[in-house]
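**Q** Can you read through this structure? Questions will come right after.
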Amino acid sequence: LKRFVGVPYLWGGFSPFGYDCSGLAQTLWAWLGLALPRDADQQCAAGRPVDGPPQAGDLLFFGERPEDGDDLRSGITHVALALDAADVLHSAGSANGVTVNSLDPERPAYNAWLREHCLAVRRYA
């Protein structure tokens, strides 16, 4: 999976020419034979909620927590693939493409925004 690191960010992209976050998640799961919806909020709805730490392959969803009573999906703006309980692979314009970040402040690739804005974790297999 780490061979994707450095592939450019491309909004709407899902090819080696560039990926956006949901296109990357969709492509990675397609290799395992599972067709995910195209957009991050739809991908969130398609998975089973996870209690506890993420496992490799889970998708983590990020954004702004919606107003009381609003559907959680309405706040989702980003998705990443868990590599383990703390590290994620994702494509972000702010990172200029596919990168690995961590939700663990003790790790060098720590990304505070990701940790503070994680709204949901979903499992698909």
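To be explicit about the labels: the chains of the structure tokens are called A, B, and onward in the order shown, and within each one the residues are counted from 1, while ligands get numbers from 1 in the order they are shown.
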Mind checking which residues fall within 10 Å of segment 94-109 of chain A, counting only C-alpha atoms, ignoring those fewer than 5 positions away in the same chain, and posting them as a list in words?
**A** Lys2, Arg3, Phe4, Val5, Gly6, Val7, Pro8, Tyr9, Leu10, Gly18, Tyr19, Asp20, Cys21, Leu24, Ala80, Leu81, Ala82, Leu83, Asp84, Ala85, Ala86, Asp87, Val88, Leu89, Leu114, Arg115, Glu116 and Cys118 of chain A
**Q** Write the residues of the preceding selection, restricted to N, CA, C and O atoms, as a CSV table (one decimal), in the first residue's frame.
**A**
chain,number,residue,atom,x,y,z
A,2,LYS,N,2.0,1.2,0.6
A,2,LYS,CA,2.8,2.4,0.7
A,2,LYS,C,3.4,2.8,-0.6
A,2,LYS,O,3.9,3.9,-0.7
A,3,ARG,N,3.3,2.0,-1.6
A,3,ARG,CA,3.8,2.4,-3.0
A,3,ARG,C,2.9,3.5,-3.5
A,3,ARG,O,3.3,4.1,-4.5
A,4,PHE,N,1.7,3.7,-2.9
A,4,PHE,CA,0.9,4.8,-3.4
A,4,PHE,C,1.4,6.2,-2.9
A,4,PHE,O,1.0,7.2,-3.4
A,5,VAL,N,2.2,6.1,-1.8
A,5,VAL,CA,2.7,7.4,-1.3
A,5,VAL,C,3.4,8.2,-2.3
A,5,VAL,O,4.3,7.7,-3.1
A,6,GLY,N,3.1,9.5,-2.4
A,6,GLY,CA,3.7,10.3,-3.4
A,6,GLY,C,2.8,10.5,-4.7
A,6,GLY,O,3.1,11.4,-5.5
A,7,VAL,N,1.8,9.6,-4.9
A,7,VAL,CA,0.9,9.8,-6.1
A,7,VAL,C,0.2,11.1,-5.9
A,7,VAL,O,-0.3,11.4,-4.7
A,8,PRO,N,0.1,12.0,-6.9
A,8,PRO,CA,-0.5,13.3,-6.7
A,8,PRO,C,-1.9,13.3,-6.3
A,8,PRO,O,-2.7,12.3,-6.6
A,9,TYR,N,-2.4,14.4,-5.6
A,9,TYR,CA,-3.8,14.6,-5.3
A,9,TYR,C,-4.5,15.1,-6.6
A,9,TYR,O,-3.9,16.0,-7.3
A,10,LEU,N,-5.6,14.5,-6.9
A,10,LEU,CA,-6.4,15.0,-8.0
A,10,LEU,C,-7.9,14.9,-7.6
A,10,LEU,O,-8.4,13.7,-7.4
A,18,GLY,N,-3.5,10.3,-10.3
A,18,GLY,CA,-3.9,11.1,-9.1
A,18,GLY,C,-5.2,10.5,-8.5
A,18,GLY,O,-6.0,9.9,-9.1
A,19,TYR,N,-5.2,10.7,-7.1
A,19,TYR,CA,-6.3,10.2,-6.4
A,19,TYR,C,-6.8,11.3,-5.5
A,19,TYR,O,-6.0,12.1,-5.0
A,20,ASP,N,-8.2,11.3,-5.2
A,20,ASP,CA,-8.7,12.1,-4.1
A,20,ASP,C,-8.9,11.1,-3.0
A,20,ASP,O,-8.7,9.9,-3.2
A,21,CYS,N,-9.3,11.5,-1.8
A,21,CYS,CA,-9.4,10.6,-0.7
A,21,CYS,C,-10.3,9.5,-0.9
A,21,CYS,O,-10.0,8.3,-0.7
A,24,LEU,N,-9.1,6.9,-3.6
A,24,LEU,CA,-8.1,6.0,-3.1
A,24,LEU,C,-8.7,4.9,-2.3
A,24,LEU,O,-8.4,3.7,-2.5
A,80,ALA,N,-9.7,8.1,5.2
A,80,ALA,CA,-8.4,7.6,5.2
A,80,ALA,C,-8.5,6.1,5.5
A,80,ALA,O,-9.4,5.6,6.2
A,81,LEU,N,-7.5,5.3,5.0
A,81,LEU,CA,-7.5,3.9,5.3
A,81,LEU,C,-6.5,3.6,6.4
A,81,LEU,O,-5.4,4.1,6.4
A,82,ALA,N,-7.0,2.9,7.4
A,82,ALA,CA,-6.2,2.5,8.6
A,82,ALA,C,-5.1,1.5,8.2
A,82,ALA,O,-5.4,0.5,7.5
A,83,LEU,N,-3.8,1.8,8.5
A,83,LEU,CA,-2.7,0.9,8.3
A,83,LEU,C,-2.6,0.0,9.6
A,83,LEU,O,-2.1,-1.1,9.6
A,84,ASP,N,-2.9,0.6,10.7
A,84,ASP,CA,-2.9,0.0,12.0
A,84,ASP,C,-3.8,0.8,13.0
A,84,ASP,O,-4.6,1.6,12.4
A,85,ALA,N,-3.6,0.7,14.2
A,85,ALA,CA,-4.5,1.4,15.2
A,85,ALA,C,-4.3,2.9,15.2
A,85,ALA,O,-5.1,3.7,15.6
A,86,ALA,N,-3.1,3.4,14.6
A,86,ALA,CA,-2.8,4.8,14.7
A,86,ALA,C,-2.5,5.5,13.3
A,86,ALA,O,-2.8,6.6,13.1
A,87,ASP,N,-1.9,4.7,12.4
A,87,ASP,CA,-1.4,5.2,11.1
A,87,ASP,C,-2.5,5.1,10.0
A,87,ASP,O,-3.1,4.0,10.0
A,88,VAL,N,-2.5,6.1,9.2
A,88,VAL,CA,-3.5,6.0,8.1
A,88,VAL,C,-2.8,6.4,6.8
A,88,VAL,O,-1.9,7.2,6.7
A,89,LEU,N,-3.3,5.9,5.7
A,89,LEU,CA,-2.9,6.2,4.3
A,89,LEU,C,-4.1,7.0,3.7
A,89,LEU,O,-5.2,6.6,3.8
A,114,LEU,N,-6.3,15.5,11.8
A,114,LEU,CA,-7.0,14.2,11.7
A,114,LEU,C,-7.5,13.7,13.0
A,114,LEU,O,-8.6,13.2,13.1
A,115,ARG,N,-6.6,13.7,14.0
A,115,ARG,CA,-7.0,13.2,15.3
A,115,ARG,C,-8.2,14.0,15.9
A,115,ARG,O,-9.2,13.4,16.4
A,116,GLU,N,-8.2,15.3,15.7
A,116,GLU,CA,-9.3,16.1,16.3
A,116,GLU,C,-10.6,16.1,15.5
A,116,GLU,O,-11.7,16.4,16.0
A,118,CYS,N,-11.7,13.3,13.6
A,118,CYS,CA,-12.2,11.9,13.3
A,118,CYS,C,-13.6,11.8,13.8
A,118,CYS,O,-13.9,11.9,15.0
**Q** From the set A:Phe61, A:His117, A:Gly33, A:Ser91, which residue has the shortest atom-to-atom contact distance to Pro49 of chain A, counting only C-alpha atoms?
**A**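 Ranking A:Phe61, A:His117, A:Gly33, A:Ser91 by distance to Pro49 of chain A, first place goes to A:Phe61.
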**Q** Extract the full set of helix (DSSP H, G or I) residues from segment 6-121 of chain A according to DSSP on the backbone, and format it as an MDAnalysis selection string.
**A** chainID A and resid 21:31 40:46 72:75 93:95 112:116
**Q** Taking the chain letters and numbering used in this document, name the residues of chain A that DSSP puts in strand (DSSP E or B), as a short mmCIF file (atom, residue, chain, number, x, y, z; two decimals) with N, CA, C and O atoms, in the first residue's frame.
**A**
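Done, and the output landed in states-v9.cif:
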data_model
loop_
_atom_site.label_atom_id
_atom_site.label_comp_id
_atom_site.auth_asym_id
_atom_site.auth_seq_id
_atom_site.Cartn_x
_atom_site.Cartn_y
_atom_site.Cartn_z
N TYR A 9 -2.36 14.37 -5.62
CA TYR A 9 -3.76 14.58 -5.31
C TYR A 9 -4.45 15.09 -6.57
O TYR A 9 -3.95 15.98 -7.25
N PHE A 14 -9.11 8.74 -9.47
CA PHE A 14 -8.97 7.38 -8.95
C PHE A 14 -8.15 6.55 -9.94
O PHE A 14 -8.55 5.51 -10.42
N SER A 15 -6.94 7.05 -10.21
CA SER A 15 -6.01 6.37 -11.10
C SER A 15 -4.59 6.74 -10.69
O SER A 15 -4.39 7.66 -9.88
N GLY A 18 -3.55 10.33 -10.30
CA GLY A 18 -3.92 11.09 -9.12
C GLY A 18 -5.15 10.53 -8.46
O GLY A 18 -6.01 9.93 -9.12
N TYR A 19 -5.21 10.69 -7.15
CA TYR A 19 -6.33 10.21 -6.35
C TYR A 19 -6.84 11.34 -5.47
O TYR A 19 -6.05 12.14 -4.96
N ARG A 48 -19.79 -0.94 8.54
CA ARG A 48 -20.29 -1.23 9.88
C ARG A 48 -19.51 -0.39 10.89
O ARG A 48 -18.28 -0.34 10.84
N PRO A 49 -20.19 0.26 11.84
CA PRO A 49 -19.49 1.04 12.86
C PRO A 49 -18.51 0.18 13.65
O PRO A 49 -18.78 -0.99 13.92
N LEU A 59 -11.85 2.07 7.40
CA LEU A 59 -11.83 3.44 6.90
C LEU A 59 -12.20 4.39 8.02
O LEU A 59 -13.13 4.13 8.79
N LEU A 60 -11.44 5.47 8.12
CA LEU A 60 -11.70 6.53 9.10
C LEU A 60 -12.24 7.73 8.35
O LEU A 60 -11.71 8.09 7.29
N PHE A 61 -13.26 8.37 8.93
CA PHE A 61 -13.93 9.48 8.27
C PHE A 61 -13.76 10.74 9.12
O PHE A 61 -13.92 10.71 10.34
N PHE A 62 -13.48 11.86 8.44
CA PHE A 62 -13.11 13.10 9.10
C PHE A 62 -13.97 14.25 8.61
O PHE A 62 -14.48 14.22 7.49
N GLY A 63 -14.07 15.27 9.43
CA GLY A 63 -14.78 16.48 9.05
C GLY A 63 -15.20 17.25 10.28
O GLY A 63 -14.63 17.09 11.36
N ILE A 76 -18.98 14.91 6.95
CA ILE A 76 -17.80 14.19 6.47
C ILE A 76 -17.23 14.85 5.21
O ILE A 76 -17.94 15.08 4.24
N THR A 77 -15.93 15.12 5.26
CA THR A 77 -15.23 15.74 4.14
C THR A 77 -13.99 14.98 3.71
O THR A 77 -13.36 15.33 2.71
N HIS A 78 -13.61 13.93 4.47
CA HIS A 78 -12.35 13.25 4.18
C HIS A 78 -12.41 11.81 4.67
O HIS A 78 -13.11 11.50 5.63
N VAL A 79 -11.66 10.92 3.99
CA VAL A 79 -11.58 9.51 4.38
C VAL A 79 -10.13 9.06 4.27
O VAL A 79 -9.38 9.54 3.42
N ALA A 80 -9.75 8.13 5.16
CA ALA A 80 -8.41 7.55 5.15
C ALA A 80 -8.50 6.07 5.48
O ALA A 80 -9.43 5.63 6.16
N LEU A 81 -7.53 5.30 5.02
CA LEU A 81 -7.46 3.87 5.26
C LEU A 81 -6.52 3.60 6.43
O LEU A 81 -5.37 4.06 6.41
N ALA A 82 -7.00 2.86 7.44
CA ALA A 82 -6.15 2.51 8.58
C ALA A 82 -5.08 1.52 8.15
O ALA A 82 -5.38 0.51 7.50
N ASP A 87 -1.91 4.70 12.42
CA ASP A 87 -1.43 5.25 11.15
C ASP A 87 -2.45 5.05 10.04
O ASP A 87 -3.13 4.02 9.97
N VAL A 88 -2.55 6.07 9.17
CA VAL A 88 -3.50 6.02 8.06
C VAL A 88 -2.82 6.40 6.75
O VAL A 88 -1.85 7.15 6.73
N LEU A 89 -3.34 5.86 5.67
CA LEU A 89 -2.94 6.21 4.31
C LEU A 89 -4.09 6.99 3.72
O LEU A 89 -5.25 6.56 3.79
N HIS A 90 -3.79 8.17 3.16
CA HIS A 90 -4.85 8.98 2.59
C HIS A 90 -4.28 9.92 1.54
O HIS A 90 -3.07 10.12 1.44
N SER A 91 -5.17 10.47 0.75
CA SER A 91 -4.79 11.45 -0.26
C SER A 91 -5.41 12.78 0.12
O SER A 91 -6.62 12.87 0.35
N ALA A 92 -4.56 13.80 0.22
CA ALA A 92 -5.04 15.11 0.64
C ALA A 92 -4.35 16.19 -0.17
O ALA A 92 -3.15 16.11 -0.42
N GLY A 97 -0.89 15.03 -2.16
CA GLY A 97 -1.11 13.68 -2.67
C GLY A 97 -1.21 12.65 -1.56
O GLY A 97 -1.52 12.96 -0.41
N VAL A 98 -0.92 11.42 -1.95
CA VAL A 98 -1.05 10.30 -1.03
C VAL A 98 0.10 10.32 -0.03
O VAL A 98 1.27 10.46 -0.41
N THR A 99 -0.26 10.18 1.25
CA THR A 99 0.72 10.23 2.32
C THR A 99 0.28 9.35 3.47
O THR A 99 -0.86 8.89 3.52
N VAL A 100 1.21 9.10 4.38
CA VAL A 100 0.91 8.39 5.62
C VAL A 100 0.98 9.39 6.76
O VAL A 100 1.94 10.16 6.85
N ASN A 101 -0.05 9.40 7.59
CA ASN A 101 -0.07 10.22 8.79
C ASN A 101 -0.48 9.36 9.97
O ASN A 101 -0.95 8.24 9.80
N SER A 102 -0.32 9.92 11.16
CA SER A 102 -0.66 9.20 12.38
C SER A 102 -1.62 10.01 13.23
O SER A 102 -1.58 11.24 13.24
N TYR A 110 2.54 12.48 12.99
CA TYR A 110 1.31 12.90 13.67
C TYR A 110 0.65 14.06 12.94
O TYR A 110 1.30 15.02 12.53
N CYS A 118 -11.75 13.27 13.61
CA CYS A 118 -12.22 11.92 13.26
C CYS A 118 -13.65 11.75 13.77
O CYS A 118 -13.91 11.87 14.97
N LEU A 119 -14.56 11.52 12.85
CA LEU A 119 -15.98 11.40 13.19
C LEU A 119 -16.46 9.96 13.28
O LEU A 119 -17.42 9.67 14.00
N ALA A 120 -15.82 9.05 12.51
CA ALA A 120 -16.33 7.69 12.47
C ALA A 120 -15.25 6.75 11.94
O ALA A 120 -14.36 7.16 11.19
N VAL A 121 -15.39 5.48 12.34
CA VAL A 121 -14.56 4.40 11.80
C VAL A 121 -15.51 3.33 11.32
O VAL A 121 -16.47 2.98 12.03
N ARG A 122 -15.25 2.82 10.12
CA ARG A 122 -16.12 1.80 9.55
C ARG A 122 -15.30 0.61 9.07
O ARG A 122 -14.17 0.75 8.62
N ARG A 123 -15.93 -0.59 9.14
CA ARG A 123 -15.31 -1.84 8.70
C ARG A 123 -16.17 -2.43 7.59
O ARG A 123 -17.38 -2.30 7.59
#
**Q** Looking at only C-alpha atoms, which of A:Leu34, A:Leu1, A:Gln26, A:Pro66 is the one that sits closest to Gly13 of chain A?
**A**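 Ranked by minimum distance to Gly13 of chain A, first place goes to A:Gln26.
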